[in-house]
Amino acid sequence: MPFRLLFVFLFLGCATLFAQKLKVNQDRLENRIMELAKFGLQENGETERVAFSDADIAAQQWTIQKLKDLGLQVHIDFAGNIIAKREGKKPALKPISFGSHIDRVPNGGNYDGCVGSMASLEVLEVLNENKIKTKHPLEIIIFSNEEGGVMGSRAIAGHLGKSALSVVNSTGYSMGEGIMRLGGDTTRIAEVARKKDEIAAFLELHIEQGGTLEKENIQIGIVEGIVGLKWWEVEFTGFANHAGTTPMNSRQDALLAAAKFIIAVNEVTTSFKGAQVGTVGEIQAEPGAPNVIPGKVITSLEIRDLSSDVIAQVYEAIKTKGEEIAKASDVQIEFRALDTTADPAIMTSAIQDAIGASAEKLGLTTKRLPSGAGHDAQDMAMIAPTGMIFVPSKGGISHSPKEFTSAVDMANGAYVLLQTILTLDKNLN
Ligand code: GLV
Ligand code: MN
Ligand code: MN
């Protein structure tokens, strides 16, 4: 029937036009990134917004208001995560969740975590503007204290143990104190845990933090897996004594032993085949005076790999070497494992495919790659089908004020996030 056929074509034409009209607002997204960047900005140009700081709490409150302005139901859960919900057409369906974090490493950059968080708001803006109601409920999660041990996502995945609550970050607050400061409640953390498969899918958009996408001129990275990471505190105990009167052959210099240890961490980690990494990134020496031999030193130790077994093997080798160094230096050494562990995680292959298809539909180039950085998505992968979208980092730099991702790349990422959510909404039950 020609008239009915014409009607069908008209309808399909309008639908295609409508789909093409969905567009993220690049300027709005970039402006939000710049607004968020003001929280913690110091007079010297550095930004301090480590989790639990006043700046982190102010940024949290600002984000909550923005989410409320989008018409979402917002609350802070008992682990200090921001949870924002939007109803779906079929409320009985499990939610599609997405988000990232807004806390930063000391003197970090404006994009790590912030791009995925602000792009999640942008996705909601576009859905609202186009009056699109998804079948599934949607949920934005802005995770608490990602940089200090993926705290909020571990709580949601149900494995933030009691010992984690005593780990202190550079603000001087422990996780337990920090959770209370953020508006959570340490006595009720267990209630935050979601059951496996309570969430239909979880997506996180993030900057790559490495240089692969930029070098190869690729617009979108599809993450295949995320490395696991473990942290230790290593304490060297020597004897603090006069630097002028104690002969060189009668010292118990804790800092000298720590210095040898730092070199050993690099050598031992490198001696293994593979892509594992080992780092000492923090050191404190006591009493800390030019004329006193250091009696006590505490360093950090971090090891990452896609395999937990490799992390364990590298650690054992480092520990053995550290004990040899301590013995030869006449100091004591103690390794204390910190409860900040994130296990390696493989991203769900069907979600990798959905991200790839969404990017290709938008005419964007893609590459599958692993993540050497830790992310909340790795804990979410324990309880939900999970995928991660990467956008390029200029010069592969991150955890630095020099971190940069262009507005075009951020908008591409937000666009792929939006399209992937819509694809999953159509295809999942
Ligand atoms: C988190 O950003 C990490 O990889 O340390
Ligand atoms: Mn991050
Ligand atoms: Mn980070």
# chains A, B, ... in the order shown; residues from 1 in each chain; ligands from 1
call {"tool": "select_by_dssp", "arguments": {"residues": "region 10-177 of chain A", "states": "strand (DSSP E or B)", "output": "ChimeraX atom specification"}}
result
/A:41,47,73-76,82-86,96-101,138-143,168,174
call {"tool": "residues_near_ligand", "arguments": {"ligand": "ligand 2", "cutoff": "8 Å", "atoms": "only C-alpha atoms and all ligand atoms", "output": "NGL selection string"}}
result
:A and (100-101 or 104 or 112-114 or 146-147 or 206-207 or 373-376)
call {"tool": "write_last_selection", "arguments": {"atoms": "N, CA and C atoms", "output": "CSV table (one decimal), in the first residue's frame"}}
result
chain,number,residue,atom,x,y,z
A,100,SER,N,32.5,7.9,37.6
A,100,SER,CA,34.0,7.9,37.8
A,100,SER,C,34.2,8.6,39.1
A,101,HIS,N,35.3,9.4,39.3
A,101,HIS,CA,35.6,10.0,40.6
A,101,HIS,C,36.1,11.4,40.4
A,104,ARG,N,41.5,13.7,43.7
A,104,ARG,CA,42.7,13.7,42.9
A,104,ARG,C,43.9,13.3,43.7
A,112,ASP,N,41.8,13.4,35.2
A,112,ASP,CA,41.7,12.1,35.8
A,112,ASP,C,40.4,12.0,36.6
A,113,GLY,N,39.5,11.1,36.2
A,113,GLY,CA,38.3,10.9,37.0
A,113,GLY,C,37.2,12.0,36.7
A,114,CYS,N,37.7,13.2,36.5
A,114,CYS,CA,36.7,14.3,36.3
A,114,CYS,C,36.1,14.2,34.9
A,146,GLU,N,38.8,7.4,45.2
A,146,GLU,CA,39.4,6.5,44.2
A,146,GLU,C,40.9,6.4,44.3
A,147,GLU,N,41.5,7.6,44.5
A,147,GLU,CA,43.0,7.6,44.4
A,147,GLU,C,43.7,7.0,45.6
A,206,HIS,N,37.2,7.4,30.9
A,206,HIS,CA,38.3,7.9,31.6
A,206,HIS,C,39.4,8.3,30.6
A,207,ILE,N,40.3,9.2,31.0
A,207,ILE,CA,41.4,9.5,30.2
A,207,ILE,C,42.4,8.3,30.2
A,373,ALA,N,46.6,1.9,34.7
A,373,ALA,CA,46.1,2.6,35.8
A,373,ALA,C,45.0,1.8,36.5
A,374,GLY,N,44.8,2.0,37.8
A,374,GLY,CA,43.7,1.4,38.5
A,374,GLY,C,42.4,2.3,38.3
A,375,HIS,N,41.3,1.6,38.4
A,375,HIS,CA,40.0,2.3,38.2
A,375,HIS,C,38.9,1.7,39.0
A,376,ASP,N,37.9,2.5,39.3
A,376,ASP,CA,36.7,1.9,40.0
A,376,ASP,C,36.1,0.8,39.2
call {"tool": "select_by_dssp", "arguments": {"residues": "region 190-361 of chain A", "states": "alpha helix (DSSP H)", "output": "PyMOL selection string"}}
result
chain A and resi 212-215+254-271+308-328+349-361
call {"tool": "residues_around", "arguments": {"residues": "region 188-196 of chain A", "least_positions_apart": "5", "cutoff": "8 Å", "atoms": "only C-alpha atoms", "output": "list in words"}}
result
Asp77, Phe78, Ala79, Ala155, Ile156, Ala157, Gly158, Met382, Ile383 and Ala384 of chain A
call {"tool": "write_last_selection", "arguments": {"atoms": "N, CA and C atoms", "output": "mmCIF file, in the first residue's frame"}}
result
data_model
loop_
_atom_site.group_PDB
_atom_site.id
_atom_site.type_symbol
_atom_site.label_atom_id
_atom_site.label_comp_id
_atom_site.auth_asym_id
_atom_site.auth_seq_id
_atom_site.Cartn_x
_atom_site.Cartn_y
_atom_site.Cartn_z
ATOM 1 N N ASP A 77 25.927 7.641 49.755
ATOM 2 C CA ASP A 77 25.735 6.357 50.433
ATOM 3 C C ASP A 77 26.668 6.254 51.658
ATOM 4 N N PHE A 78 26.591 5.124 52.365
ATOM 5 C CA PHE A 78 27.337 5.017 53.625
ATOM 6 C C PHE A 78 28.859 4.996 53.423
ATOM 7 N N ALA A 79 29.313 4.791 52.165
ATOM 8 C CA ALA A 79 30.756 4.823 51.891
ATOM 9 C C ALA A 79 31.194 6.171 51.328
ATOM 10 N N ALA A 155 33.644 -0.713 48.396
ATOM 11 C CA ALA A 155 32.495 -0.852 49.299
ATOM 12 C C ALA A 155 31.289 -1.386 48.519
ATOM 13 N N ILE A 156 31.070 -0.853 47.303
ATOM 14 C CA ILE A 156 29.917 -1.304 46.505
ATOM 15 C C ILE A 156 30.096 -2.767 46.088
ATOM 16 N N ALA A 157 31.359 -3.154 45.818
ATOM 17 C CA ALA A 157 31.621 -4.544 45.439
ATOM 18 C C ALA A 157 31.626 -5.466 46.669
ATOM 19 N N GLY A 158 31.512 -4.879 47.857
ATOM 20 C CA GLY A 158 31.367 -5.684 49.079
ATOM 21 C C GLY A 158 32.687 -6.172 49.651
ATOM 22 N N MET A 382 33.606 -6.966 39.429
ATOM 23 C CA MET A 382 33.378 -8.147 40.269
ATOM 24 C C MET A 382 31.888 -8.415 40.446
ATOM 25 N N ILE A 383 31.053 -7.393 40.246
ATOM 26 C CA ILE A 383 29.623 -7.564 40.520
ATOM 27 C C ILE A 383 28.721 -7.258 39.320
ATOM 28 N N ALA A 384 29.295 -6.729 38.226
ATOM 29 C CA ALA A 384 28.427 -6.357 37.089
ATOM 30 C C ALA A 384 29.211 -6.468 35.783
#
call {"tool": "closest_residue", "arguments": {"among": "A:Gly161, A:Gly387, A:Gly372, A:Gly108", "to": "Thr420 (chain A)", "atoms": "only C-alpha atoms"}}
result
A:Gly387
call {"tool": "closest_residue", "arguments": {"among": "A:Thr270, A:Thr245, A:Gln209, A:Ser300", "to": "ligand 3", "atoms": "only C-alpha atoms and all ligand atoms"}}
result
A:Gln209
call {"tool": "residues_around", "arguments": {"residues": "Lys133 (chain A)", "least_positions_apart": "4", "cutoff": "8 Å", "atoms": "only C-alpha atoms", "output": "PyMOL selection string"}}
result
chain A and resi 88-89+127
call {"tool": "residues_around", "arguments": {"residues": "region 356-366 of chain A", "least_positions_apart": "4", "cutoff": "6 Å", "atoms": "only C-alpha atoms", "output": "VMD selection string"}}
result
chain A and resid 218 to 221 416 419 to 420
call {"tool": "closest_residue", "arguments": {"among": "A:Lys426, A:Lys230, A:Lys260, A:Lys273", "to": "ligand 1", "atoms": "only C-alpha atoms and all ligand atoms"}}
result
A:Lys230
call {"tool": "residues_around", "arguments": {"residues": "region 176-185 of chain A", "least_positions_apart": "5", "cutoff": "12 Å", "atoms": "only C-alpha atoms", "output": "mmCIF file with N, CA and C atoms, in the first residue's frame"}}
result
data_model
loop_
_atom_site.group_PDB
_atom_site.id
_atom_site.type_symbol
_atom_site.label_atom_id
_atom_site.label_comp_id
_atom_site.auth_asym_id
_atom_site.auth_seq_id
_atom_site.Cartn_x
_atom_site.Cartn_y
_atom_site.Cartn_z
ATOM 1 N N VAL A 50 42.780 16.114 47.420
ATOM 2 C CA VAL A 50 42.871 14.718 47.837
ATOM 3 C C VAL A 50 41.589 14.365 48.588
ATOM 4 N N ALA A 51 41.154 13.136 48.481
ATOM 5 C CA ALA A 51 39.917 12.689 49.132
ATOM 6 C C ALA A 51 39.906 13.092 50.601
ATOM 7 N N PHE A 52 38.766 13.541 51.054
ATOM 8 C CA PHE A 52 38.468 13.943 52.448
ATOM 9 C C PHE A 52 38.896 15.372 52.773
ATOM 10 N N SER A 53 39.641 16.028 51.852
ATOM 11 C CA SER A 53 40.037 17.416 52.104
ATOM 12 C C SER A 53 38.794 18.302 52.020
ATOM 13 N N ASP A 54 38.909 19.535 52.520
ATOM 14 C CA ASP A 54 37.773 20.470 52.415
ATOM 15 C C ASP A 54 37.392 20.670 50.946
ATOM 16 N N ALA A 55 38.428 20.723 50.068
ATOM 17 C CA ALA A 55 38.153 20.947 48.641
ATOM 18 C C ALA A 55 37.379 19.767 48.050
ATOM 19 N N ASP A 56 37.718 18.561 48.473
ATOM 20 C CA ASP A 56 37.008 17.362 47.983
ATOM 21 C C ASP A 56 35.536 17.432 48.402
ATOM 22 N N ILE A 57 35.313 17.843 49.632
ATOM 23 C CA ILE A 57 33.934 17.918 50.139
ATOM 24 C C ILE A 57 33.162 19.026 49.408
ATOM 25 N N ALA A 58 33.828 20.162 49.151
ATOM 26 C CA ALA A 58 33.154 21.252 48.423
ATOM 27 C C ALA A 58 32.819 20.803 46.996
ATOM 28 N N ALA A 59 33.750 20.074 46.355
ATOM 29 C CA ALA A 59 33.502 19.576 44.993
ATOM 30 C C ALA A 59 32.353 18.569 44.998
ATOM 31 N N GLN A 60 32.308 17.765 46.050
ATOM 32 C CA GLN A 60 31.227 16.777 46.186
ATOM 33 C C GLN A 60 29.863 17.501 46.257
ATOM 34 N N GLN A 61 29.799 18.567 47.073
ATOM 35 C CA GLN A 61 28.539 19.299 47.243
ATOM 36 C C GLN A 61 28.117 19.974 45.938
ATOM 37 N N HIS A 75 21.714 10.925 46.522
ATOM 38 C CA HIS A 75 22.086 10.784 47.933
ATOM 39 C C HIS A 75 23.545 10.361 48.051
ATOM 40 N N ILE A 76 24.088 10.524 49.258
ATOM 41 C CA ILE A 76 25.446 10.026 49.537
ATOM 42 C C ILE A 76 25.268 8.702 50.255
ATOM 43 N N ASP A 77 25.927 7.641 49.755
ATOM 44 C CA ASP A 77 25.735 6.357 50.433
ATOM 45 C C ASP A 77 26.668 6.254 51.658
ATOM 46 N N PHE A 78 26.591 5.124 52.365
ATOM 47 C CA PHE A 78 27.337 5.017 53.625
ATOM 48 C C PHE A 78 28.859 4.996 53.423
ATOM 49 N N ALA A 79 29.313 4.791 52.165
ATOM 50 C CA ALA A 79 30.756 4.823 51.891
ATOM 51 C C ALA A 79 31.194 6.171 51.328
ATOM 52 N N GLY A 80 30.273 7.137 51.299
ATOM 53 C CA GLY A 80 30.631 8.468 50.809
ATOM 54 C C GLY A 80 30.538 8.619 49.296
ATOM 55 N N ASN A 81 30.003 7.600 48.601
ATOM 56 C CA ASN A 81 29.786 7.728 47.151
ATOM 57 C C ASN A 81 28.577 8.612 46.893
ATOM 58 N N ILE A 82 28.610 9.380 45.783
ATOM 59 C CA ILE A 82 27.407 10.103 45.354
ATOM 60 C C ILE A 82 26.632 9.163 44.422
ATOM 61 N N ILE A 83 25.376 8.949 44.737
ATOM 62 C CA ILE A 83 24.522 8.069 43.923
ATOM 63 C C ILE A 83 23.376 8.925 43.388
ATOM 64 N N ASP A 103 37.961 12.959 43.203
ATOM 65 C CA ASP A 103 39.121 13.204 44.079
ATOM 66 C C ASP A 103 40.382 13.106 43.225
ATOM 67 N N PHE A 143 32.390 7.966 42.626
ATOM 68 C CA PHE A 143 32.987 7.141 43.672
ATOM 69 C C PHE A 143 33.861 7.967 44.613
ATOM 70 N N SER A 144 33.816 7.593 45.896
ATOM 71 C CA SER A 144 34.635 8.295 46.887
ATOM 72 C C SER A 144 36.048 7.708 46.926
ATOM 73 N N ASN A 145 37.010 8.604 47.174
ATOM 74 C CA ASN A 145 38.414 8.212 47.395
ATOM 75 C C ASN A 145 38.915 7.129 46.443
ATOM 76 N N GLY A 148 42.950 6.844 46.691
ATOM 77 C CA GLY A 148 43.576 6.291 47.905
ATOM 78 C C GLY A 148 43.220 4.838 48.119
ATOM 79 N N MET A 151 38.206 3.227 47.206
ATOM 80 C CA MET A 151 37.436 2.965 48.417
ATOM 81 C C MET A 151 35.936 2.752 48.147
ATOM 82 N N GLY A 152 35.344 3.709 47.423
ATOM 83 C CA GLY A 152 33.894 3.660 47.222
ATOM 84 C C GLY A 152 33.465 2.460 46.407
ATOM 85 N N ALA A 155 33.644 -0.713 48.396
ATOM 86 C CA ALA A 155 32.495 -0.852 49.299
ATOM 87 C C ALA A 155 31.289 -1.386 48.519
ATOM 88 N N LEU A 160 35.259 -3.873 51.086
ATOM 89 C CA LEU A 160 36.029 -2.855 51.819
ATOM 90 C C LEU A 160 36.038 -3.304 53.278
ATOM 91 N N GLY A 161 37.152 -3.967 53.651
ATOM 92 C CA GLY A 161 37.229 -4.556 54.998
ATOM 93 C C GLY A 161 37.508 -3.517 56.063
ATOM 94 N N LYS A 162 37.409 -3.956 57.323
ATOM 95 C CA LYS A 162 37.628 -3.052 58.471
ATOM 96 C C LYS A 162 39.035 -2.466 58.455
ATOM 97 N N SER A 163 40.034 -3.307 58.058
ATOM 98 C CA SER A 163 41.422 -2.829 58.135
ATOM 99 C C SER A 163 41.672 -1.677 57.162
ATOM 100 N N ALA A 164 40.887 -1.615 56.080
ATOM 101 C CA ALA A 164 41.063 -0.514 55.124
ATOM 102 C C ALA A 164 40.764 0.825 55.797
ATOM 103 N N LEU A 165 39.854 0.804 56.755
ATOM 104 C CA LEU A 165 39.399 2.065 57.353
ATOM 105 C C LEU A 165 40.497 2.785 58.128
ATOM 106 N N SER A 166 41.575 2.050 58.466
ATOM 107 C CA SER A 166 42.649 2.709 59.220
ATOM 108 C C SER A 166 43.751 3.259 58.310
ATOM 109 N N VAL A 167 43.651 3.046 56.990
ATOM 110 C CA VAL A 167 44.679 3.570 56.076
ATOM 111 C C VAL A 167 44.521 5.094 55.966
ATOM 112 N N VAL A 168 45.636 5.796 56.220
ATOM 113 C CA VAL A 168 45.614 7.272 56.269
ATOM 114 C C VAL A 168 46.139 7.830 54.945
ATOM 115 N N ASN A 169 45.509 8.873 54.402
ATOM 116 C CA ASN A 169 46.057 9.492 53.184
ATOM 117 C C ASN A 169 46.757 10.810 53.512
ATOM 118 N N SER A 170 47.155 11.557 52.493
ATOM 119 C CA SER A 170 48.002 12.733 52.737
ATOM 120 C C SER A 170 47.272 13.863 53.451
ATOM 121 N N THR A 171 45.944 13.777 53.599
ATOM 122 C CA THR A 171 45.227 14.792 54.378
ATOM 123 C C THR A 171 45.419 14.564 55.878
ATOM 124 N N ALA A 190 28.566 -2.054 55.182
ATOM 125 C CA ALA A 190 28.157 -3.331 54.574
ATOM 126 C C ALA A 190 26.857 -3.167 53.777
ATOM 127 N N GLU A 191 26.031 -2.178 54.179
ATOM 128 C CA GLU A 191 24.737 -1.992 53.494
ATOM 129 C C GLU A 191 24.890 -1.427 52.080
ATOM 130 N N VAL A 192 26.087 -0.908 51.795
ATOM 131 C CA VAL A 192 26.342 -0.310 50.483
ATOM 132 C C VAL A 192 26.577 -1.394 49.417
#
call {"tool": "closest_residue", "arguments": {"among": "A:Asn31, A:Ser120, A:Asn110, A:Ser393", "to": "Tyr415 (chain A)", "atoms": "only C-alpha atoms"}}
result
A:Ser120
call {"tool": "closest_residue", "arguments": {"among": "A:Gln42, A:Asn412, A:Gln252, A:Asn429", "to": "Gln26 (chain A)", "atoms": "only C-alpha atoms"}}
result
A:Asn412
call {"tool": "closest_residue", "arguments": {"among": "A:Ser406, A:Gln352, A:Asn107, A:Asn427", "to": "ligand 3", "atoms": "only C-alpha atoms and all ligand atoms"}}
result
A:Asn107
call {"tool": "atom_distance", "arguments": {"atom1": "CA of His136 (chain A)", "atom2": "CA of Ala200 (chain A)"}}
result
8.5 Å
